[in-house]
file run-v1.txt (compact mmCIF, C-alpha atoms)
# COMPACT_ATOMS: atom_id res chain seq x y z
CA MET A 1082 143.35 21.07 -70.61
CA SER A 1083 142.33 24.65 -69.95
CA GLN A 1084 138.67 25.28 -70.59
CA ILE A 1085 136.80 28.56 -70.80
CA GLN A 1086 133.78 28.70 -68.57
CA VAL A 1087 130.47 29.82 -70.08
CA VAL A 1088 129.01 32.82 -68.31
CA PRO A 1089 125.32 32.31 -67.34
CA PRO A 1090 122.53 32.84 -68.09
CA LEU A 1091 122.35 30.88 -71.33
CA ASP A 1092 118.68 31.43 -72.14
CA LYS A 1093 119.08 35.11 -73.02
CA ASP A 1094 121.62 37.64 -74.25
CA LEU A 1095 124.25 38.76 -71.76
CA ASP A 1096 124.59 42.35 -70.68
CA ASP A 1097 127.57 44.38 -71.91
CA ALA A 1098 129.59 43.85 -68.74
CA SER A 1099 129.15 40.08 -68.90
CA VAL A 1100 130.08 39.96 -72.59
CA ALA A 1101 133.20 42.05 -71.89
CA LYS A 1102 134.18 39.67 -69.09
CA LEU A 1103 133.60 36.65 -71.32
CA VAL A 1104 135.75 38.01 -74.15
CA GLN A 1105 138.53 38.85 -71.70
CA SER A 1106 138.36 35.33 -70.26
CA ILE A 1107 138.71 33.84 -73.75
CA ILE A 1108 141.84 35.87 -74.39
CA GLU A 1109 143.38 35.21 -70.99
CA SER A 1110 142.71 31.46 -71.14
CA ALA A 1111 144.25 31.26 -74.59
CA MET A 1112 147.29 33.23 -73.47
CA SER A 1113 147.79 30.96 -70.47
CA ASP A 1114 147.88 28.01 -72.88
CA ARG A 1115 150.47 29.79 -75.09
CA ALA A 1116 148.06 30.19 -78.00
CA SER A 1117 149.15 32.26 -80.97
CA ASP A 1118 145.68 32.69 -82.50
CA ILE A 1119 142.04 32.53 -81.41
CA HIS A 1120 139.29 31.65 -83.89
CA ILE A 1121 135.70 32.72 -83.15
CA GLU A 1122 133.57 30.64 -85.55
CA PRO A 1123 129.77 31.01 -85.80
CA TYR A 1124 127.65 28.02 -86.76
CA GLN A 1125 123.89 27.66 -86.96
CA GLU A 1126 123.63 25.76 -83.68
CA LYS A 1127 126.65 27.08 -81.73
CA LEU A 1128 129.58 29.47 -81.51
CA LEU A 1129 132.86 27.55 -81.58
CA VAL A 1130 136.11 28.90 -80.16
CA ARG A 1131 139.32 27.30 -81.38
CA ALA A 1132 142.89 28.14 -80.41
CA ARG A 1133 146.15 27.52 -82.24
CA ILE A 1134 148.66 26.09 -79.78
CA ASP A 1135 152.09 24.90 -80.91
CA GLY A 1136 150.93 25.32 -84.49
CA ARG A 1137 147.82 23.13 -84.20
CA LEU A 1138 144.21 24.31 -84.02
CA SER A 1139 142.09 22.61 -81.40
CA ASN A 1140 138.52 23.05 -80.21
CA TYR A 1141 138.61 25.22 -77.11
CA SER A 1142 135.03 25.86 -76.05
CA GLU A 1143 131.47 26.23 -77.31
CA TYR A 1144 128.76 28.80 -76.63
CA PRO A 1145 125.08 29.08 -77.59
CA SER A 1146 124.69 30.65 -81.02
CA HIS A 1147 122.60 33.55 -79.69
CA LEU A 1148 125.74 34.89 -77.96
CA THR A 1149 127.56 35.29 -81.29
CA SER A 1150 126.46 38.83 -82.04
CA GLY A 1151 127.38 40.17 -78.62
CA ILE A 1152 130.81 38.52 -78.52
CA VAL A 1153 131.72 39.60 -82.06
CA SER A 1154 130.50 43.15 -81.45
CA ARG A 1155 132.55 43.41 -78.25
CA ILE A 1156 135.72 42.37 -80.08
CA LYS A 1157 135.00 44.82 -82.90
CA VAL A 1158 134.49 47.64 -80.42
CA LEU A 1159 137.83 46.85 -78.78
CA ALA A 1160 139.54 46.81 -82.19
CA ARG A 1161 137.85 50.07 -83.25
CA MET A 1162 136.03 48.47 -86.14
CA ASN A 1163 132.70 49.44 -87.65
CA ILE A 1164 130.21 47.31 -85.72
CA ILE A 1165 127.41 48.12 -88.17
CA GLU A 1166 129.35 46.79 -91.19
CA ARG A 1167 128.94 43.01 -91.18
CA ARG A 1168 129.49 42.06 -94.80
CA ARG A 1169 132.91 43.41 -95.66
CA PRO A 1170 136.18 42.11 -94.17
CA GLN A 1171 137.70 44.36 -91.53
CA ASP A 1172 141.03 44.58 -89.70
CA GLY A 1173 141.85 46.19 -86.40
CA GLN A 1174 143.85 45.83 -83.23
CA PHE A 1175 143.83 46.49 -79.50
CA THR A 1176 145.94 45.73 -76.44
CA SER A 1177 145.03 43.45 -73.57
CA GLU A 1178 146.85 42.94 -70.28
CA PHE A 1179 147.90 39.47 -69.17
CA ASN A 1180 150.08 38.74 -66.11
CA GLY A 1181 151.28 42.32 -66.08
CA ARG A 1182 152.24 42.27 -69.78
CA GLN A 1183 150.67 44.19 -72.64
CA ILE A 1184 149.48 41.83 -75.39
CA ASP A 1185 148.93 43.20 -78.88
CA VAL A 1186 145.79 41.61 -80.35
CA ARG A 1187 145.45 41.79 -84.15
CA VAL A 1188 141.84 41.24 -85.26
CA SER A 1189 140.44 40.15 -88.62
CA THR A 1190 136.78 39.60 -89.49
CA VAL A 1191 135.08 38.02 -92.51
CA ALA A 1192 131.40 37.40 -93.22
CA SER A 1193 130.43 33.72 -93.22
CA ILE A 1194 127.05 32.14 -93.93
CA ASN A 1195 126.26 32.06 -90.19
CA GLY A 1196 127.67 35.44 -89.23
CA GLU A 1197 131.06 37.08 -88.85
CA LYS A 1198 134.09 34.94 -88.13
CA VAL A 1199 136.77 36.60 -86.03
CA VAL A 1200 140.42 35.62 -85.82
CA MET A 1201 142.60 37.23 -83.16
CA ARG A 1202 146.40 36.96 -83.35
CA LEU A 1203 148.10 37.34 -79.98
CA LEU A 1204 151.49 39.08 -80.01
CA ASP A 1205 153.52 39.46 -76.85
CA SER A 1206 156.27 41.90 -77.82
CA SER A 1207 157.65 41.88 -74.26
CA LYS A 1208 158.59 38.19 -74.36
CA PRO A 1209 162.33 37.57 -74.43
CA THR A 1210 164.01 36.59 -77.66
CA VAL A 1211 165.37 33.08 -77.97
CA GLU A 1212 169.11 32.47 -77.93
CA LEU A 1213 170.39 31.50 -81.38
CA SER A 1214 171.86 28.30 -79.97
CA GLU A 1215 168.41 27.23 -78.72
CA LEU A 1216 166.56 27.42 -82.03
CA GLY A 1217 167.35 23.88 -83.21
CA MET A 1218 170.42 24.29 -85.42
CA SER A 1219 173.16 21.69 -85.37
CA GLU A 1220 176.63 22.86 -84.33
CA THR A 1221 177.71 22.99 -87.97
CA GLN A 1222 174.63 24.97 -88.99
CA LEU A 1223 175.09 27.39 -86.11
CA ALA A 1224 178.67 28.08 -87.15
CA GLU A 1225 177.58 28.64 -90.78
CA PHE A 1226 174.78 31.00 -89.82
CA GLU A 1227 176.97 32.99 -87.43
CA ASN A 1228 179.52 33.32 -90.22
CA MET A 1229 176.80 34.85 -92.42
CA ILE A 1230 175.47 37.36 -89.92
CA LEU A 1231 178.85 38.45 -88.57
CA ALA A 1232 179.89 39.65 -92.02
CA ASN A 1233 180.23 43.40 -92.45
CA ASN A 1234 177.98 43.47 -95.50
CA GLY A 1235 175.81 41.36 -97.74
CA LEU A 1236 172.31 39.93 -97.97
CA VAL A 1237 171.06 37.12 -95.71
CA LEU A 1238 167.65 35.62 -96.48
CA VAL A 1239 165.39 33.58 -94.18
CA ALA A 1240 162.75 31.60 -96.08
CA GLY A 1241 159.67 29.75 -94.97
CA PRO A 1242 155.88 29.93 -94.87
CA THR A 1243 153.90 32.19 -92.55
CA GLY A 1244 154.27 31.08 -88.94
CA SER A 1245 157.52 29.17 -89.42
CA GLY A 1246 159.51 31.27 -86.93
CA LYS A 1247 161.43 33.43 -89.40
CA SER A 1248 161.12 36.62 -87.32
CA THR A 1249 162.22 34.76 -84.18
CA THR A 1250 165.36 33.58 -85.99
CA LEU A 1251 166.23 37.09 -87.17
CA HIS A 1252 165.69 38.63 -83.75
CA SER A 1253 167.90 35.94 -82.22
CA ALA A 1254 170.53 36.87 -84.80
CA LEU A 1255 170.22 40.54 -83.89
CA LYS A 1256 171.16 39.73 -80.29
CA ILE A 1257 174.57 38.70 -81.61
CA VAL A 1258 175.20 41.44 -84.17
CA ALA A 1259 173.62 44.41 -82.35
CA VAL A 1260 176.78 45.59 -80.60
CA GLU A 1261 177.27 49.08 -79.19
CA HIS A 1262 179.27 50.48 -82.12
CA LYS A 1263 176.70 49.36 -84.72
CA ASN A 1264 173.58 51.24 -85.82
CA VAL A 1265 170.95 48.49 -86.15
CA VAL A 1266 167.54 49.29 -87.63
CA THR A 1267 164.57 46.98 -88.15
CA ILE A 1268 161.51 47.50 -90.35
CA GLU A 1269 158.71 45.18 -89.22
CA ASP A 1270 155.02 44.39 -89.63
CA PRO A 1271 154.24 43.82 -86.84
CA ILE A 1272 157.01 44.34 -84.29
CA GLU A 1273 157.00 40.96 -82.56
CA TYR A 1274 159.87 41.55 -80.11
CA VAL A 1275 160.99 44.79 -78.50
CA VAL A 1276 164.80 44.77 -78.47
CA PRO A 1277 166.67 47.37 -76.37
CA GLY A 1278 169.45 49.26 -78.12
CA ILE A 1279 168.15 49.09 -81.69
CA THR A 1280 165.76 51.24 -83.71
CA GLN A 1281 162.55 49.40 -84.61
CA ILE A 1282 160.22 50.90 -87.20
CA PRO A 1283 156.64 49.65 -87.70
CA VAL A 1284 155.23 49.45 -91.23
CA HIS A 1285 152.04 51.35 -92.01
CA ASP A 1286 150.85 50.38 -95.48
CA ALA A 1287 147.61 52.32 -94.98
CA ASN A 1288 149.65 55.53 -94.68
CA GLU A 1289 151.81 54.65 -97.68
CA ALA A 1290 154.70 53.92 -95.34
CA GLY A 1291 155.36 50.35 -96.42
CA PHE A 1292 158.62 48.40 -96.43
CA ALA A 1293 160.08 50.12 -99.50
CA VAL A 1294 159.29 53.63 -98.25
CA GLN A 1295 160.72 52.93 -94.80
CA LEU A 1296 163.77 51.16 -96.21
CA ARG A 1297 164.58 54.11 -98.46
CA ALA A 1298 164.33 56.43 -95.44
CA VAL A 1299 166.50 54.14 -93.29
CA MET A 1300 169.26 54.29 -95.90
CA ARG A 1301 169.60 57.98 -95.00
CA GLN A 1302 169.93 57.11 -91.28
CA ASP A 1303 173.57 55.89 -91.43
CA PRO A 1304 172.71 52.21 -90.76
CA ASP A 1305 175.20 49.38 -90.32
CA ILE A 1306 172.71 46.53 -90.11
CA ILE A 1307 169.15 46.53 -91.47
CA MET A 1308 166.51 43.91 -90.79
CA VAL A 1309 163.65 43.95 -93.30
CA GLY A 1310 160.63 42.11 -91.89
CA GLU A 1311 159.63 40.80 -95.32
CA THR A 1312 160.78 41.21 -98.90
CA ARG A 1313 157.38 41.13 -100.54
CA ASP A 1314 157.74 43.40 -103.58
CA ILE A 1315 160.20 44.30 -106.32
CA GLU A 1316 161.07 47.73 -104.94
CA THR A 1317 161.93 46.41 -101.48
CA ALA A 1318 164.05 43.66 -103.06
CA ARG A 1319 166.00 46.14 -105.20
CA ILE A 1320 166.70 48.52 -102.33
CA SER A 1321 167.78 45.61 -100.10
CA VAL A 1322 170.25 44.32 -102.71
CA GLN A 1323 171.58 47.83 -103.31
CA ALA A 1324 172.03 48.33 -99.56
CA ALA A 1325 173.94 45.05 -99.32
CA LEU A 1326 176.17 46.10 -102.24
CA THR A 1327 176.99 49.44 -100.64
CA GLY A 1328 178.44 48.10 -97.41
CA HIS A 1329 175.43 47.23 -95.25
CA LEU A 1330 174.40 43.91 -93.75
CA VAL A 1331 170.78 43.26 -94.70
CA LEU A 1332 168.73 40.52 -93.05
CA SER A 1333 165.32 39.76 -94.51
CA THR A 1334 162.58 37.14 -94.62
CA ILE A 1335 161.09 35.96 -97.86
CA HIS A 1336 158.39 33.46 -98.84
CA ALA A 1337 160.05 30.52 -100.59
CA THR A 1338 159.95 26.74 -100.32
CA ASP A 1339 163.64 26.26 -99.51
CA ALA A 1340 167.00 28.06 -99.31
CA VAL A 1341 167.64 27.85 -103.05
CA GLY A 1342 164.09 29.02 -103.69
CA ALA A 1343 164.88 32.20 -101.73
CA ILE A 1344 167.57 33.04 -104.27
CA TYR A 1345 165.34 32.31 -107.22
CA ARG A 1346 162.49 34.33 -105.72
CA LEU A 1347 164.63 37.45 -106.01
CA ILE A 1348 165.52 36.60 -109.59
CA GLN A 1349 161.78 36.32 -110.29
CA MET A 1350 161.50 39.85 -108.88
CA ASP A 1351 163.80 41.00 -111.73
CA ILE A 1352 166.89 41.38 -109.58
CA GLU A 1353 169.86 41.19 -111.95
CA PRO A 1354 171.65 37.87 -111.29
CA HIS A 1355 175.11 39.44 -111.24
CA LEU A 1356 174.01 41.97 -108.60
CA LEU A 1357 172.41 39.22 -106.52
CA ALA A 1358 175.56 37.09 -106.80
CA SER A 1359 177.70 40.02 -105.62
CA SER A 1360 175.50 40.76 -102.60
CA PHE A 1361 174.41 37.26 -101.55
CA ARG A 1362 175.83 36.11 -98.21
CA GLY A 1363 173.57 33.15 -97.50
CA ALA A 1364 170.04 31.81 -97.11
CA ILE A 1365 168.25 29.57 -94.68
CA SER A 1366 164.92 27.79 -94.85
CA GLN A 1367 163.04 26.67 -91.78
CA ARG A 1368 159.94 24.86 -90.54
CA LEU A 1369 158.58 24.43 -87.03
CA ILE A 1370 157.83 21.04 -85.51
CA ARG A 1371 156.51 20.24 -82.05
CA LYS A 1372 158.85 19.24 -79.22
CA VAL A 1373 157.95 16.33 -76.99
CA CYS A 1374 156.68 17.27 -73.56
CA THR A 1375 159.61 16.69 -71.21
CA ASN A 1376 157.20 15.92 -68.38
CA CYS A 1377 155.60 12.84 -69.95
CA ALA A 1378 157.68 11.72 -72.95
CA THR A 1379 158.79 8.10 -72.72
CA PRO A 1380 161.87 6.64 -74.45
CA ARG A 1381 161.48 3.47 -76.53
CA LYS A 1382 163.52 1.51 -79.01
CA PRO A 1383 162.95 2.28 -82.70
CA THR A 1384 161.42 -0.44 -84.86
CA ALA A 1385 163.57 -2.18 -87.46
CA ALA A 1386 162.02 -0.05 -90.22
CA GLN A 1387 162.64 3.14 -88.27
CA ARG A 1388 166.24 2.16 -87.52
CA LYS A 1389 166.77 1.46 -91.22
CA MET A 1390 165.40 4.88 -92.11
CA PHE A 1391 167.75 6.60 -89.65
CA THR A 1392 170.63 4.67 -91.20
CA GLU A 1393 169.61 5.76 -94.71
CA TYR A 1394 169.92 9.36 -93.54
CA GLY A 1395 173.28 8.72 -91.92
CA LEU A 1396 171.86 8.86 -88.40
CA ALA A 1397 172.10 6.32 -85.62
CA THR A 1398 170.06 6.04 -82.43
CA ASN A 1399 169.09 3.30 -80.00
CA SER A 1400 166.27 5.27 -78.40
CA ILE A 1401 163.53 7.58 -79.61
CA MET A 1402 160.86 9.46 -77.69
CA GLU A 1403 157.17 8.61 -77.61
CA ALA A 1404 154.56 11.31 -76.94
CA VAL A 1405 152.32 10.22 -74.05
CA GLY A 1406 150.31 13.22 -72.85
CA CYS A 1407 149.73 14.86 -69.49
CA GLU A 1408 148.13 17.94 -67.92
CA GLU A 1409 151.14 20.14 -68.69
CA CYS A 1410 150.89 19.50 -72.45
CA ARG A 1411 147.09 19.42 -72.56
CA HIS A 1412 147.29 15.64 -73.20
CA THR A 1413 148.89 16.13 -76.62
CA GLY A 1414 152.32 14.76 -75.75
CA TYR A 1415 153.93 17.90 -77.15
CA ARG A 1416 154.84 21.26 -75.67
CA GLU A 1417 156.37 24.20 -77.55
CA ARG A 1418 158.13 23.96 -80.90
CA VAL A 1419 161.61 23.81 -82.40
CA ALA A 1420 162.82 24.72 -85.88
CA ALA A 1421 164.38 22.44 -88.47
CA PHE A 1422 166.80 24.43 -90.64
CA GLN A 1423 168.30 24.17 -94.09
CA ILE A 1424 171.32 26.45 -94.44
CA LEU A 1425 172.98 27.56 -97.66
CA GLU A 1426 176.16 29.59 -97.27
CA SER A 1427 177.59 31.65 -100.10
CA THR A 1428 180.55 30.21 -102.00
CA GLU A 1429 182.44 31.41 -105.05
CA ALA A 1430 181.11 28.50 -107.10
CA LEU A 1431 177.52 29.17 -106.02
CA ASN A 1432 177.78 32.89 -106.79
CA ASP A 1433 179.21 32.09 -110.24
CA LEU A 1434 176.18 29.89 -110.91
CA ILE A 1435 173.79 32.63 -109.74
CA ALA A 1436 175.49 35.17 -112.00
CA SER A 1437 175.24 32.78 -114.96
CA LYS A 1438 171.45 32.58 -114.53
CA ALA A 1439 171.54 28.89 -113.63
CA SER A 1440 168.28 27.02 -113.08
CA PRO A 1441 167.02 26.18 -109.56
CA SER A 1442 167.86 22.48 -110.15
CA GLN A 1443 171.48 23.39 -110.97
CA LEU A 1444 171.72 25.57 -107.87
CA ARG A 1445 170.28 22.80 -105.67
CA GLU A 1446 172.65 20.22 -107.12
CA LEU A 1447 175.65 22.36 -106.20
CA ALA A 1448 174.18 23.25 -102.80
CA PHE A 1449 173.70 19.61 -101.82
CA ALA A 1450 177.14 18.71 -103.16
CA SER A 1451 178.54 21.47 -100.94
CA GLY A 1452 176.96 19.94 -97.83
CA MET A 1453 173.54 21.57 -97.54
CA SER A 1454 171.15 19.20 -95.78
CA THR A 1455 167.45 18.69 -96.36
CA LEU A 1456 164.70 19.64 -93.95
CA GLU A 1457 163.76 15.95 -93.85
CA TYR A 1458 167.21 15.08 -92.54
CA GLU A 1459 167.12 17.84 -89.93
CA GLY A 1460 163.73 16.71 -88.63
CA LEU A 1461 164.98 13.15 -88.21
CA ARG A 1462 168.17 14.43 -86.57
CA LEU A 1463 166.04 16.18 -83.95
CA ALA A 1464 164.08 12.93 -83.45
CA SER A 1465 167.30 10.95 -83.04
CA GLU A 1466 168.37 13.44 -80.35
CA GLY A 1467 165.09 13.03 -78.46
CA VAL A 1468 163.89 16.57 -79.10
CA THR A 1469 160.79 15.44 -80.99
CA THR A 1470 159.11 12.21 -82.03
CA ILE A 1471 159.72 10.40 -85.28
CA GLU A 1472 156.05 10.91 -86.19
CA GLU A 1473 156.43 14.67 -85.84
CA ALA A 1474 159.73 14.66 -87.71
CA LEU A 1475 158.13 12.86 -90.62
CA THR A 1476 155.78 15.78 -91.21
CA LEU A 1477 158.89 17.22 -92.93
CA ALA A 1478 159.98 13.97 -94.57
CA VAL A 1479 159.09 12.02 -97.66
CA ALA A 1480 156.78 9.06 -97.20
CA HIS A 1481 158.30 6.05 -95.50
CA ASP A 1482 156.92 2.76 -94.28
CA ILE A 1483 157.68 2.93 -90.57
CA ALA A 1484 155.22 0.34 -89.30
call {"tool": "encode", "arguments": {"input": "run-v1.txt", "output": "structure tokens"}}
result
Amino acid sequence: MSQIQVVPPLDKDLDDASVAKLVQSIIESAMSDRASDIHIEPYQEKLLVRARIDGRLSNYSEYPSHLTSGIVSRIKVLARMNIIERRRPQDGQFTSEFNGRQIDVRVSTVASINGEKVVMRLLDSSKPTVELSELGMSETQLAEFENMILANNGLVLVAGPTGSGKSTTLHSALKIVAVEHKNVVTIEDPIEYVVPGITQIPVHDANEAGFAVQLRAVMRQDPDIIMVGETRDIETARISVQAALTGHLVLSTIHATDAVGAIYRLIQMDIEPHLLASSFRGAISQRLIRKVCTNCATPRKPTAAQRKMFTEYGLATNSIMEAVGCEECRHTGYRERVAAFQILESTEALNDLIASKASPSQLRELAFASGMSTLEYEGLRLASEGVTTIEEALTLAVAHDIA
């Protein structure tokens, strides 16, 4: 496990150069461990640093509490924040170099009872996008999703909570659809991947250049394919649907619990059901689960209860993987993550139901009857294939007795 070394002396405040070096070491150590976020948390007796790695927060290092002010101030200076203001929340950003790459660091501060807490999100826009076939979809799901995104027009929605890999999925899709004769434009906040050959537009809400404003401008830029980083308001939703109806392919993320929920979320935004039915091409929902570390994972036979559960889901396996732990995975047994997907492709029957203002339960009933799987099933499928453990898969599943 990578540990951050405390810079001496500990019995007094560090000078500015030492504090700067310490902050840089925190960021570099977290980056080397593939962390997505760093939490700087002040307590009465210590300053705790935690890092989110593969979706899980873990204690990273501790420092004497008297170093809190200097460390927080250094981060705020880097992010061009007001270092005097310590009561109101602030947001900022800066870039940091790691292994020859420029890392975008998004900073947020809030006032806690023991001082300001800082959270830094680490974004490496130079990292390569993942191939669509490597995301975790089954062969059937991959064919369904490719059928959606290779259409000449329509609306494709990707649903899931924050941090579920939605942007990664859309950028992987863009690698397939962004051909030379297409004008592909993305509107993002933030831009997580830099993709050659397409126009990427950052959102600036502070300058009144949010998603809706940028999307309206893009419609005058002769686009073929538009990726909207997030449909978060009624105006953006309406413009996206209109764009899909007028011959454009629109890909967008949306916060919803599942694929059917993505449809209903737009209806809740007062999108007319008949317009949504005419533009809807498909929706997917996804969640991230940890992959077993290939260096230390050990195969074992499933218990009778586990084998029964696989059978109930229509799956069969004689071997599952057990997370052991080693230096490469920081003794967690897991390294990196994979997505479990639920895919709902447009059909005439589904669109008729949408247009008739059917309830979510009616839409789900038809979707499952048409072959849409559950996230629970997809998690267990990945476990049966040795990609993850059954324990990790069951974070997506309903409760089972697997003792």
call {"tool": "axis_aligned_box", "arguments": {"input": "run-v1.txt", "around": "range 1441-1448 of chain A", "padding_each_side": "5 Å", "output": "lines of an AutoDock Vina configuration file"}}
result
center_x = 171.3
center_y = 23.2
center_z = -106.9
size_x = 18.6
size_y = 16.0
size_z = 18.2
call {"tool": "closest_residue", "arguments": {"input": "run-v1.txt", "among": "A:Leu1477, A:Ala1293, A:Leu1447, A:Ala1337", "to": "Gln1349 in chain A", "atoms": "all atoms listed in the file"}}
result
A:Ala1337
call {"tool": "atom_distance", "arguments": {"input": "run-v1.txt", "atom1": "CA of Gln1125 in chain A", "atom2": "CA of Gln1105 in chain A"}}
result
23.9 Å
call {"tool": "closest_residue", "arguments": {"input": "run-v1.txt", "among": "A:Ile1257, A:Thr1398, A:Asn1234, A:Val1239", "to": "Pro1304 in chain A", "atoms": "only C-alpha atoms"}}
result
A:Asn1234
call {"tool": "residues_around", "arguments": {"input": "run-v1.txt", "residues": "Pro1123 in chain A", "least_positions_apart": "2", "cutoff": "10 Å", "atoms": "only C-alpha atoms", "output": "PDB file with C-alpha atoms, in the frame of the given file"}}
result
ATOM      1  CA  HIS A1120     139.290  31.650 -83.890  1.00  0.00           C
ATOM      2  CA  ILE A1121     135.700  32.720 -83.150  1.00  0.00           C
ATOM      3  CA  GLN A1125     123.890  27.660 -86.960  1.00  0.00           C
ATOM      4  CA  GLU A1126     123.630  25.760 -83.680  1.00  0.00           C
ATOM      5  CA  LYS A1127     126.650  27.080 -81.730  1.00  0.00           C
ATOM      6  CA  LEU A1128     129.580  29.470 -81.510  1.00  0.00           C
ATOM      7  CA  LEU A1129     132.860  27.550 -81.580  1.00  0.00           C
ATOM      8  CA  VAL A1130     136.110  28.900 -80.160  1.00  0.00           C
ATOM      9  CA  GLU A1143     131.470  26.230 -77.310  1.00  0.00           C
ATOM     10  CA  TYR A1144     128.760  28.800 -76.630  1.00  0.00           C
ATOM     11  CA  PRO A1145     125.080  29.080 -77.590  1.00  0.00           C
ATOM     12  CA  SER A1146     124.690  30.650 -81.020  1.00  0.00           C
ATOM     13  CA  HIS A1147     122.600  33.550 -79.690  1.00  0.00           C
ATOM     14  CA  LEU A1148     125.740  34.890 -77.960  1.00  0.00           C
ATOM     15  CA  THR A1149     127.560  35.290 -81.290  1.00  0.00           C
ATOM     16  CA  SER A1150     126.460  38.830 -82.040  1.00  0.00           C
ATOM     17  CA  VAL A1153     131.720  39.600 -82.060  1.00  0.00           C
ATOM     18  CA  ALA A1192     131.400  37.400 -93.220  1.00  0.00           C
ATOM     19  CA  SER A1193     130.430  33.720 -93.220  1.00  0.00           C
ATOM     20  CA  ILE A1194     127.050  32.140 -93.930  1.00  0.00           C
ATOM     21  CA  ASN A1195     126.260  32.060 -90.190  1.00  0.00           C
ATOM     22  CA  GLY A1196     127.670  35.440 -89.230  1.00  0.00           C
ATOM     23  CA  GLU A1197     131.060  37.080 -88.850  1.00  0.00           C
ATOM     24  CA  LYS A1198     134.090  34.940 -88.130  1.00  0.00           C
ATOM     25  CA  VAL A1199     136.770  36.600 -86.030  1.00  0.00           C
TER      26      VAL A1199
END
call {"tool": "closest_residue", "arguments": {"input": "run-v1.txt", "among": "A:Thr1338, A:Glu1409, A:Thr1392, A:Asn1376", "to": "Leu1456 in chain A", "atoms": "all atoms listed in the file"}}
result
A:Thr1338
call {"tool": "residues_near_point", "arguments": {"input": "run-v1.txt", "point": "(149.3, 20.3, -70.6)", "cutoff": "10 Å", "atoms": "all atoms listed in the file", "output": "list in words"}}
result
Met1082, Ser1083, Asp1114, Cys1374, Asn1376, Cys1377, Gly1406, Cys1407, Glu1408, Glu1409, Cys1410, Arg1411, His1412, Thr1413, Gly1414, Tyr1415 and Arg1416 of chain A
call {"tool": "atom_distance", "arguments": {"input": "run-v1.txt", "atom1": "CA of Leu1461 in chain A", "atom2": "CA of Arg1368 in chain A"}}
result
13.0 Å
call {"tool": "residues_around", "arguments": {"input": "run-v1.txt", "residues": "Ala1318 in chain A", "least_positions_apart": "5", "cutoff": "8 Å", "atoms": "all atoms listed in the file", "output": "tab-separated table (two decimals) with C-alpha atoms, in the frame of the given file"}}
result
chain	number	residue	atom	x	y	z
A	1312	THR	CA	160.78	41.21	-98.90
A	1313	ARG	CA	157.38	41.13	-100.54
A	1347	LEU	CA	164.63	37.45	-106.01
A	1350	MET	CA	161.50	39.85	-108.88
A	1352	ILE	CA	166.89	41.38	-109.58
call {"tool": "atom_distance", "arguments": {"input": "run-v1.txt", "atom1": "CA of Leu1463 in chain A", "atom2": "CA of Leu1431 in chain A"}}
result
28.1 Å
call {"tool": "decode", "arguments": {"input": "run-v1.txt", "residues": "range 1467-1475 of chain A", "atoms": "N, CA, C and O atoms", "output": "compact mmCIF listing (two decimals), in the first residue's frame"}}
result
# COMPACT_ATOMS: atom_id res chain seq x y z
N GLY A 1467 -15.77 -14.87 -13.85
CA GLY A 1467 -14.50 -14.66 -13.17
C GLY A 1467 -13.98 -13.25 -13.22
O GLY A 1467 -12.83 -13.00 -12.85
N VAL A 1468 -14.81 -12.31 -13.65
CA VAL A 1468 -14.37 -10.91 -13.73
C VAL A 1468 -14.37 -10.26 -12.36
O VAL A 1468 -13.50 -9.45 -12.03
N THR A 1469 -15.33 -10.63 -11.53
CA THR A 1469 -15.43 -10.10 -10.17
C THR A 1469 -15.79 -11.24 -9.22
O THR A 1469 -15.94 -12.38 -9.64
N THR A 1470 -15.92 -10.90 -7.95
CA THR A 1470 -16.32 -11.91 -6.98
C THR A 1470 -17.83 -11.90 -6.79
O THR A 1470 -18.50 -10.90 -7.11
N ILE A 1471 -18.36 -12.96 -6.24
CA ILE A 1471 -19.80 -13.00 -5.99
C ILE A 1471 -20.19 -11.98 -4.93
O ILE A 1471 -21.26 -11.38 -4.98
N GLU A 1472 -19.29 -11.74 -3.97
CA GLU A 1472 -19.58 -10.73 -2.93
C GLU A 1472 -19.72 -9.35 -3.54
O GLU A 1472 -20.61 -8.58 -3.17
N GLU A 1473 -18.85 -9.02 -4.48
CA GLU A 1473 -18.92 -7.72 -5.14
C GLU A 1473 -20.14 -7.63 -6.03
O GLU A 1473 -20.81 -6.60 -6.09
N ALA A 1474 -20.46 -8.72 -6.72
CA ALA A 1474 -21.63 -8.74 -7.59
C ALA A 1474 -22.91 -8.51 -6.80
O ALA A 1474 -23.84 -7.85 -7.28
N LEU A 1475 -22.95 -9.03 -5.59
CA LEU A 1475 -24.16 -8.92 -4.79
C LEU A 1475 -24.38 -7.52 -4.23
O LEU A 1475 -25.42 -7.27 -3.62
